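A.B. asks: Input: one structure, supplied below.
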Amino acid sequence: MSENKVTLNDQTTGKSIELPVLKGSQGDPTLDIKNLHKETGYFTYDPGFAQTAACSSAITFIDGNKGVLQYRGYPIEQLAENSNFLEVAYLLLNGNLPNTSEMADFDHDITYHSMVHEKLNNFMSGFHYDAHPMAMMSGAVGSLAAFYHDRLDPEDPNQRELAAKRMIAKMPTIAAICYRHHRGLPNAYPKNNLGFTERFLDTMFSVPAEPYEVNPVAAKALDLLFILHADHEQNASTSTVRLVGSTGANPYACIAAGIAALWGPAHGGANESVLKMLDEIGSVDNIPKYIAKAKDRNDPFRLMGFGHRVYKNFDPRASIIRKACHDVLNELNITDPQLDLAMELEEIALRDEFFVERKLYPNVDFYSGIIYKALGIPVSMFTVMFAIARTVGWAAQWLEMREDPGKIGRPRQIYTGETTRDYLKMDQR
Ligand code: ACO
């Protein structure tokens, strides 16, 4: 952080104030306005917090103009190429890549926390058969606080770490229960002899009647998607987790709130919406009609999987997923007309002045759904896949926040309602 200052002159009062300029290890400088109201009487107005740093963080760095994403300083491309999801989880939580014994201990801890309390199965079986899995998941994660009420203290570092590991380990098991509930399948217990992603695929797709072999191509593809979705600095769901966490709420409540925020179609729900949109478009001939709808200011339709608050060049995750999508479909010998449709849509949009001017590029969710579909994962489960991976980021950010909780998150407003008026009795209105 630096000592530079920016002077703000108020032409109304003739007063000036010096605002300290804060500088992180990378990224744009930031004006420190903590004392602005106290010294000037002004608040700042920033809808959607688009210009506001709400915290400092050492976990994930994004340069949206250059298309850079790094976890703890490591470029996402290198992690995607060389690492695996559990190692990335360790990195995000602890700050450094693990050595052999640290990795073995972490793997052991996550593996041995993957089972859920049997009573949680009863809770889950109460949902209607067609409940959306995101509704089931946010309910289930919130309910974990009731199972571990003696280990919820956000002030205790050991309890914090335990809760983080429990959530990372149990999310795949809960996700599989959601899926199997809908399909009418008996729940499968997580197997300790399998790795994180293989274990998840087994709890999703194995049946008691016959042996199930996890397809290594499917496991590798899913593991890659988990790495790419693991964290993304202060996005809407992570900011939700931090905001709820700032109240001192228990970790399960914080992550359940994050899941709810992720569900929205402008955020993690976009992967589900992309496939629904491709279904609706139907064929290449209809693309111009839908591009015109996306450009029409009077039409609420948007190209799902396009655009990003921070990336104004390209989303580096989208480039990795685009390639993986082709590889996976080739290796699994699947031809999917939706991939051809998506590629054509991308090409037409990227040539269109409207999208070029606004720097709208495909984001992480544009191609991920096509991979999920190829792995046999139904559309309604797509955002759940995202939540499994992002639990690591939420947990890492919550742990970082609890190290130095600071103030409760509490934005201000510009009030535009009625000014003071007197109450009128019913017969006087
Ligand atoms: N299709 C058509 N037009 C778009 C799109 C889109 N997908 N995205 C943005 N625009 C237009 C807006 O209408 C606006 O145009 P205008 O300047 O003429 O009014 C301009 O581009 C800027 O858009 P904003 O909504 O101001 O950008 P913001 O940063 O607030 O929104 C967001 C980013 C929410 C991701 C947006 O691009 C969007 O809705 N995309 C579709 C949903 C999606 O794919 N979400 C996933 C994001 S990645 C993630 O969360 C994992």
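Order determines the names: the first chain of the structure tokens is A, the second B, and so forth; residues in each chain are numbered 1 upward, and ligands are numbered 1 upward as they are shown.
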Sorted by chain and rising residue number, which residues of chain A lie within 8 Å of ligand 1, and what are their closest atom pairs and distances in Å to one decimal, counting only C-alpha atoms and all ligand atoms, as a tab-separated table?
C.D. replies:
```
residue	atom	partner	partner_atom_place_in_ligand_line	distance
A:Gly48	CA	ligand 1	30 (O)	7.4
A:Ala50	CA	ligand 1	29 (O)	7.7
A:His229	CA	ligand 1	51 (C)	7.8
A:Asn235	CA	ligand 1	50 (O)	7.3
A:Ala236	CA	ligand 1	50 (O)	7.7
A:Leu262	CA	ligand 1	50 (O)	7.6
A:Pro265	CA	ligand 1	42 (C)	6.1
A:Ala266	CA	ligand 1	45 (N)	4.1
A:His267	CA	ligand 1	50 (O)	3.3
A:Gly268	CA	ligand 1	51 (C)	4.8
A:Gly269	CA	ligand 1	46 (C)	7.3
A:Ala270	CA	ligand 1	45 (N)	4.9
A:Asn271	CA	ligand 1	44 (O)	7.4
A:Val274	CA	ligand 1	44 (O)	7.7
A:Ala294	CA	ligand 1	2 (C)	4.6
A:Lys295	CA	ligand 1	2 (C)	6.0
A:Arg297	CA	ligand 1	13 (O)	7.1
A:Phe301	CA	ligand 1	1 (N)	7.2
A:Arg302	CA	ligand 1	1 (N)	3.7
A:Leu303	CA	ligand 1	1 (N)	4.0
A:Met304	CA	ligand 1	44 (O)	4.3
A:Gly305	CA	ligand 1	44 (O)	3.3
A:Phe306	CA	ligand 1	7 (N)	4.2
A:Gly307	CA	ligand 1	37 (O)	3.5
A:His308	CA	ligand 1	35 (C)	4.0
A:Arg309	CA	ligand 1	29 (O)	3.3
A:Val310	CA	ligand 1	29 (O)	6.8
A:Phe355	CA	ligand 1	3 (N)	7.2
A:Arg358	CA	ligand 1	21 (O)	5.4
A:Lys359	CA	ligand 1	21 (O)	7.8
A:Leu360	CA	ligand 1	8 (N)	6.3
A:Pro362	CA	ligand 1	44 (O)	7.7
A:Asn363	CA	ligand 1	48 (S)	5.6
A:Val364	CA	ligand 1	48 (S)	6.0
A:Asp365	CA	ligand 1	51 (C)	6.2
A:Phe366	CA	ligand 1	44 (O)	7.1
```
A.B. asks: Let's have the selection written as a compact mmCIF listing (two decimals), in the first residue's frame, with N, CA and C atoms.
C.D. replies:
```
# COMPACT_ATOMS: atom_id res chain seq x y z
N GLY A 48 -24.12 -1.29 -7.98
CA GLY A 48 -23.49 -2.57 -8.37
C GLY A 48 -22.05 -2.66 -7.89
N ALA A 50 -19.49 -1.34 -8.83
CA ALA A 50 -18.61 -1.58 -9.98
C ALA A 50 -17.25 -0.90 -9.83
N HIS A 229 -13.57 -22.98 -12.05
CA HIS A 229 -14.66 -22.32 -11.33
C HIS A 229 -14.34 -22.08 -9.84
N ASN A 235 -16.73 -11.59 -6.79
CA ASN A 235 -17.97 -11.71 -7.58
C ASN A 235 -19.20 -11.66 -6.66
N ALA A 236 -20.39 -11.70 -7.27
CA ALA A 236 -21.62 -11.48 -6.49
C ALA A 236 -21.79 -12.50 -5.35
N LEU A 262 -25.42 -17.41 -6.25
CA LEU A 262 -24.87 -18.02 -7.47
C LEU A 262 -25.96 -18.45 -8.44
N PRO A 265 -29.46 -16.12 -12.92
CA PRO A 265 -28.99 -16.29 -14.30
C PRO A 265 -27.92 -15.29 -14.73
N ALA A 266 -27.81 -14.15 -14.02
CA ALA A 266 -26.75 -13.20 -14.39
C ALA A 266 -25.41 -13.66 -13.81
N HIS A 267 -25.43 -14.68 -12.95
CA HIS A 267 -24.19 -15.18 -12.31
C HIS A 267 -24.04 -16.65 -12.68
N GLY A 268 -23.96 -17.55 -11.71
CA GLY A 268 -23.69 -18.97 -12.00
C GLY A 268 -24.82 -19.66 -12.74
N GLY A 269 -26.03 -19.12 -12.61
CA GLY A 269 -27.18 -19.73 -13.31
C GLY A 269 -27.08 -19.59 -14.82
N ALA A 270 -26.07 -18.82 -15.28
CA ALA A 270 -25.94 -18.60 -16.73
C ALA A 270 -25.64 -19.90 -17.48
N ASN A 271 -24.92 -20.84 -16.84
CA ASN A 271 -24.58 -22.07 -17.58
C ASN A 271 -25.84 -22.85 -17.96
N VAL A 274 -27.60 -20.91 -20.77
CA VAL A 274 -26.98 -21.01 -22.11
C VAL A 274 -27.60 -22.18 -22.87
N ALA A 294 -31.09 -9.68 -28.84
CA ALA A 294 -30.10 -9.30 -27.82
C ALA A 294 -29.71 -7.83 -27.94
N LYS A 295 -29.78 -7.29 -29.15
CA LYS A 295 -29.38 -5.89 -29.37
C LYS A 295 -30.53 -4.91 -29.13
N ARG A 297 -32.98 -2.84 -27.27
CA ARG A 297 -33.05 -2.31 -25.90
C ARG A 297 -34.42 -2.54 -25.26
N PHE A 301 -34.20 -9.96 -23.66
CA PHE A 301 -33.32 -11.10 -24.02
C PHE A 301 -31.86 -10.67 -24.06
N ARG A 302 -30.99 -11.46 -23.45
CA ARG A 302 -29.54 -11.26 -23.53
C ARG A 302 -28.90 -12.54 -24.01
N LEU A 303 -27.77 -12.42 -24.68
CA LEU A 303 -27.05 -13.63 -25.07
C LEU A 303 -26.43 -14.21 -23.81
N MET A 304 -26.96 -15.31 -23.31
CA MET A 304 -26.44 -15.90 -22.08
C MET A 304 -25.06 -16.48 -22.34
N GLY A 305 -24.18 -16.35 -21.34
CA GLY A 305 -22.80 -16.81 -21.52
C GLY A 305 -21.94 -15.78 -22.22
N PHE A 306 -22.49 -14.58 -22.43
CA PHE A 306 -21.74 -13.48 -23.04
C PHE A 306 -21.64 -12.31 -22.09
N GLY A 307 -20.49 -11.67 -22.07
CA GLY A 307 -20.32 -10.46 -21.26
C GLY A 307 -19.82 -10.79 -19.87
N HIS A 308 -19.13 -9.83 -19.27
CA HIS A 308 -18.63 -10.02 -17.91
C HIS A 308 -18.35 -8.66 -17.30
N ARG A 309 -18.64 -8.52 -16.02
CA ARG A 309 -18.41 -7.26 -15.33
C ARG A 309 -16.93 -6.85 -15.38
N VAL A 310 -16.04 -7.81 -15.27
CA VAL A 310 -14.61 -7.46 -15.16
C VAL A 310 -13.84 -7.70 -16.46
N PHE A 355 -21.64 -6.02 -30.09
CA PHE A 355 -20.87 -6.80 -29.10
C PHE A 355 -19.42 -6.32 -29.05
N ARG A 358 -19.16 -2.98 -27.06
CA ARG A 358 -19.37 -3.17 -25.62
C ARG A 358 -18.42 -4.18 -25.00
N LYS A 359 -17.49 -4.67 -25.82
CA LYS A 359 -16.49 -5.65 -25.35
C LYS A 359 -17.16 -6.87 -24.71
N LEU A 360 -18.12 -7.41 -25.41
CA LEU A 360 -18.85 -8.58 -24.90
C LEU A 360 -18.28 -9.84 -25.54
N PRO A 362 -17.49 -14.31 -25.00
CA PRO A 362 -18.03 -15.47 -24.27
C PRO A 362 -17.37 -15.55 -22.90
N ASN A 363 -18.15 -15.89 -21.88
CA ASN A 363 -17.58 -16.05 -20.54
C ASN A 363 -17.47 -17.54 -20.19
N VAL A 364 -17.07 -17.82 -18.97
CA VAL A 364 -16.79 -19.21 -18.54
C VAL A 364 -17.98 -20.15 -18.78
N ASP A 365 -19.18 -19.58 -18.77
CA ASP A 365 -20.36 -20.43 -18.84
C ASP A 365 -20.83 -20.74 -20.25
N PHE A 366 -20.21 -20.10 -21.26
CA PHE A 366 -20.74 -20.30 -22.61
C PHE A 366 -20.57 -21.74 -23.09
```
A.B. asks: If we count only C-alpha atoms and set the cut-off at 7 Å, which residues sit around region 338-349 of chain A, ignoring sequence neighbours fewer than 5 positions away in its own chain? Please answer as a ChimeraX atom specification.
C.D. replies: /A:278,283-284,287,355,370
A.B. asks: Can you work out which one of A:Val384, A:Ile371, A:Leu19, A:Ser138 has the shortest atom-to-atom distance to Thr7 (chain A), counting only C-alpha atoms?
C.D. replies: A:Leu19
A.B. asks: As a PyMOL selection string, which residues of region 313-427 of chain A does DSSP assign to helix (DSSP H, G or I)?
C.D. replies: chain A and resi 316-331+337-351+353-357+365-374+379-403+426-427
A.B. asks: Just the residues within 6 Å of region 80-92 of chain A, please, counting only C-alpha atoms, with nothing from its chain fewer than 5 positions along; format it as a PyMOL selection string.
C.D. replies: chain A and resi 97+223+227+392
A.B. asks: Listing only residues of region 380-416 of chain A within 12 Å of region 255-259 of chain A, what is the closest atom pair and its distance in Å (to one decimal) for each, using only C-alpha atoms, sorted by chain and residue number ascending, as CSV?
C.D. replies:
```
residue,atom,partner,partner_atom,distance
A:Thr383,CA,A:Ile259,CA,9.1
A:Val384,CA,A:Ile259,CA,8.6
A:Met385,CA,A:Ile259,CA,11.1
A:Phe386,CA,A:Ile259,CA,9.5
A:Ala387,CA,A:Ile259,CA,6.5
A:Ile388,CA,A:Ile259,CA,9.6
A:Ala389,CA,A:Ile259,CA,11.2
A:Arg390,CA,A:Ile259,CA,9.0
A:Thr391,CA,A:Ile255,CA,7.2
A:Val392,CA,A:Ile255,CA,10.1
A:Gly393,CA,A:Ile255,CA,10.2
A:Trp394,CA,A:Ile255,CA,6.8
A:Ala395,CA,A:Ile255,CA,7.6
A:Ala396,CA,A:Ile255,CA,11.1
A:Gln397,CA,A:Ile255,CA,10.7
A:Trp398,CA,A:Ile255,CA,8.8
A:Leu399,CA,A:Ile255,CA,11.7
```
A.B. asks: I need the residues from that last selection saved to file as an mmCIF file, in the first residue's frame (with N, CA, C and O atoms), if you can.
C.D. replies:
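Final output, saved to out_0.cif:
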```cif
data_model
loop_
_atom_site.group_PDB
_atom_site.id
_atom_site.type_symbol
_atom_site.label_atom_id
_atom_site.label_comp_id
_atom_site.auth_asym_id
_atom_site.auth_seq_id
_atom_site.Cartn_x
_atom_site.Cartn_y
_atom_site.Cartn_z
ATOM 1 N N THR A 383 -25.583 -25.532 -12.418
ATOM 2 C CA THR A 383 -25.147 -24.518 -11.447
ATOM 3 C C THR A 383 -24.677 -25.186 -10.156
ATOM 4 O O THR A 383 -23.822 -24.649 -9.438
ATOM 5 N N VAL A 384 -25.208 -26.375 -9.907
ATOM 6 C CA VAL A 384 -24.740 -27.157 -8.746
ATOM 7 C C VAL A 384 -23.261 -27.535 -8.931
ATOM 8 O O VAL A 384 -22.468 -27.503 -7.981
ATOM 9 N N MET A 385 -22.893 -27.880 -10.188
ATOM 10 C CA MET A 385 -21.480 -28.209 -10.466
ATOM 11 C C MET A 385 -20.603 -27.002 -10.133
ATOM 12 O O MET A 385 -19.536 -27.114 -9.539
ATOM 13 N N PHE A 386 -21.063 -25.842 -10.541
ATOM 14 C CA PHE A 386 -20.360 -24.587 -10.278
ATOM 15 C C PHE A 386 -20.216 -24.410 -8.757
ATOM 16 O O PHE A 386 -19.135 -24.076 -8.241
ATOM 17 N N ALA A 387 -21.295 -24.672 -8.031
ATOM 18 C CA ALA A 387 -21.283 -24.464 -6.572
ATOM 19 C C ALA A 387 -20.289 -25.400 -5.872
ATOM 20 O O ALA A 387 -19.637 -25.001 -4.905
ATOM 21 N N ILE A 388 -20.163 -26.647 -6.380
ATOM 22 C CA ILE A 388 -19.197 -27.584 -5.774
ATOM 23 C C ILE A 388 -17.803 -26.958 -5.819
ATOM 24 O O ILE A 388 -17.074 -26.922 -4.830
ATOM 25 N N ALA A 389 -17.454 -26.443 -7.014
ATOM 26 C CA ALA A 389 -16.124 -25.864 -7.189
ATOM 27 C C ALA A 389 -15.977 -24.560 -6.402
ATOM 28 O O ALA A 389 -14.981 -24.341 -5.706
ATOM 29 N N ARG A 390 -16.969 -23.681 -6.483
ATOM 30 C CA ARG A 390 -16.844 -22.343 -5.892
ATOM 31 C C ARG A 390 -16.862 -22.394 -4.359
ATOM 32 O O ARG A 390 -16.427 -21.446 -3.703
ATOM 33 N N THR A 391 -17.332 -23.514 -3.789
ATOM 34 C CA THR A 391 -17.294 -23.648 -2.324
ATOM 35 C C THR A 391 -15.869 -23.438 -1.802
ATOM 36 O O THR A 391 -15.666 -22.865 -0.723
ATOM 37 N N VAL A 392 -14.884 -23.886 -2.596
ATOM 38 C CA VAL A 392 -13.489 -23.685 -2.194
ATOM 39 C C VAL A 392 -13.169 -22.190 -2.121
ATOM 40 O O VAL A 392 -12.587 -21.708 -1.133
ATOM 41 N N GLY A 393 -13.563 -21.441 -3.157
ATOM 42 C CA GLY A 393 -13.311 -19.997 -3.159
ATOM 43 C C GLY A 393 -14.058 -19.305 -2.031
ATOM 44 O O GLY A 393 -13.493 -18.465 -1.317
ATOM 45 N N TRP A 394 -15.331 -19.660 -1.858
ATOM 46 C CA TRP A 394 -16.118 -19.042 -0.786
ATOM 47 C C TRP A 394 -15.453 -19.301 0.566
ATOM 48 O O TRP A 394 -15.330 -18.399 1.392
ATOM 49 N N ALA A 395 -15.024 -20.579 0.763
ATOM 50 C CA ALA A 395 -14.417 -20.937 2.047
ATOM 51 C C ALA A 395 -13.113 -20.159 2.242
ATOM 52 O O ALA A 395 -12.858 -19.621 3.331
ATOM 53 N N ALA A 396 -12.288 -20.090 1.193
ATOM 54 C CA ALA A 396 -11.004 -19.382 1.301
ATOM 55 C C ALA A 396 -11.236 -17.901 1.624
ATOM 56 O O ALA A 396 -10.559 -17.319 2.472
ATOM 57 N N GLN A 397 -12.226 -17.302 0.959
ATOM 58 C CA GLN A 397 -12.488 -15.869 1.159
ATOM 59 C C GLN A 397 -13.093 -15.627 2.546
ATOM 60 O O GLN A 397 -12.798 -14.627 3.199
ATOM 61 N N TRP A 398 -13.942 -16.552 2.986
ATOM 62 C CA TRP A 398 -14.539 -16.416 4.324
ATOM 63 C C TRP A 398 -13.454 -16.552 5.393
ATOM 64 O O TRP A 398 -13.420 -15.772 6.361
ATOM 65 N N LEU A 399 -12.535 -17.544 5.201
ATOM 66 C CA LEU A 399 -11.446 -17.728 6.173
ATOM 67 C C LEU A 399 -10.569 -16.482 6.217
ATOM 68 O O LEU A 399 -10.194 -16.016 7.298
#
```
A.B. asks: Restricting the calculation to only C-alpha atoms: of A:Lys5, A:Leu222, A:Pro337, A:Arg429, which residue gets closest to Lys23 (chain A)?
C.D. replies: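 Under the stated criterion, the closest residue is A:Lys5.
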A.B. asks: Between A:His181, A:Lys220, A:Arg72, A:Arg166, which one has atoms that come closest to Ser25 (chain A), using only C-alpha atoms?
C.D. replies: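 Of A:His181, A:Lys220, A:Arg72, A:Arg166, the one nearest Ser25 (chain A), counting only C-alpha atoms, is A:Arg72.
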A.B. asks: Quick one, how far is CA of Leu36 (chain A) from CA of Asn65 (chain A)?
C.D. replies: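 Calculated distance between CA of Leu36 (chain A) and CA of Asn65 (chain A) is 29.1 Å.
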A.B. asks: Between A:Tyr372, A:Ile76, A:Trp263, A:Phe200, which is the closest to Asp315 (chain A) once you count only C-alpha atoms?
C.D. replies: A:Ile76
A.B. asks: What lies within 12 Å of Lys323 (chain A) using only C-alpha atoms, ignoring chain neighbours under 3 positions off, as a PyMOL selection string?
C.D. replies: chain A and resi 80+221+224+316-320+326-330+339+343+367-368+370-371
A.B. asks: Quick check, in Å to one decimal: how far apart do CA of Glu400 (chain A) and CA of Met381 (chain A) lie?
C.D. replies: 29.0 Å
A.B. asks: Find the spatial neighbours of region 206-219 of chain A, counting only C-alpha atoms, within a cut-off of 8 Å - ignore same-chain residues fewer than 2 positions away - and output them as a ChimeraX atom specification.
C.D. replies: /A:185-186,188,197-198,201-204,221-223,328,331-332,375
A.B. asks: So which one's closest to Gly126 (chain A), A:Met103, A:Ala175, A:Ala140, A:Met167? Using only C-alpha atoms, please.
C.D. replies: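 Under the stated criterion, the closest residue is A:Ala140.
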A.B. asks: Quick one: residues within 9 Å of region 410-419 of chain A, only C-alpha atoms counted, chain neighbours fewer than 5 positions away excluded, as a list in words?
C.D. replies: Phe43, Thr44, Tyr45 and Leu243 of chain A
A.B. asks: Between CA of Gln234 (chain A) and CA of Asp28 (chain A), what is the distance, to one decimal in Å?
C.D. replies: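 These atoms are spaced 15.0 Å apart.
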A.B. asks: Nearest to Glu161 (chain A) among A:Gly73, A:Thr100, A:Asn94, A:Leu79, with distances taken over only C-alpha atoms: which residue is it?
C.D. replies: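 Of all the options, A:Asn94 lies closest to Glu161 (chain A).
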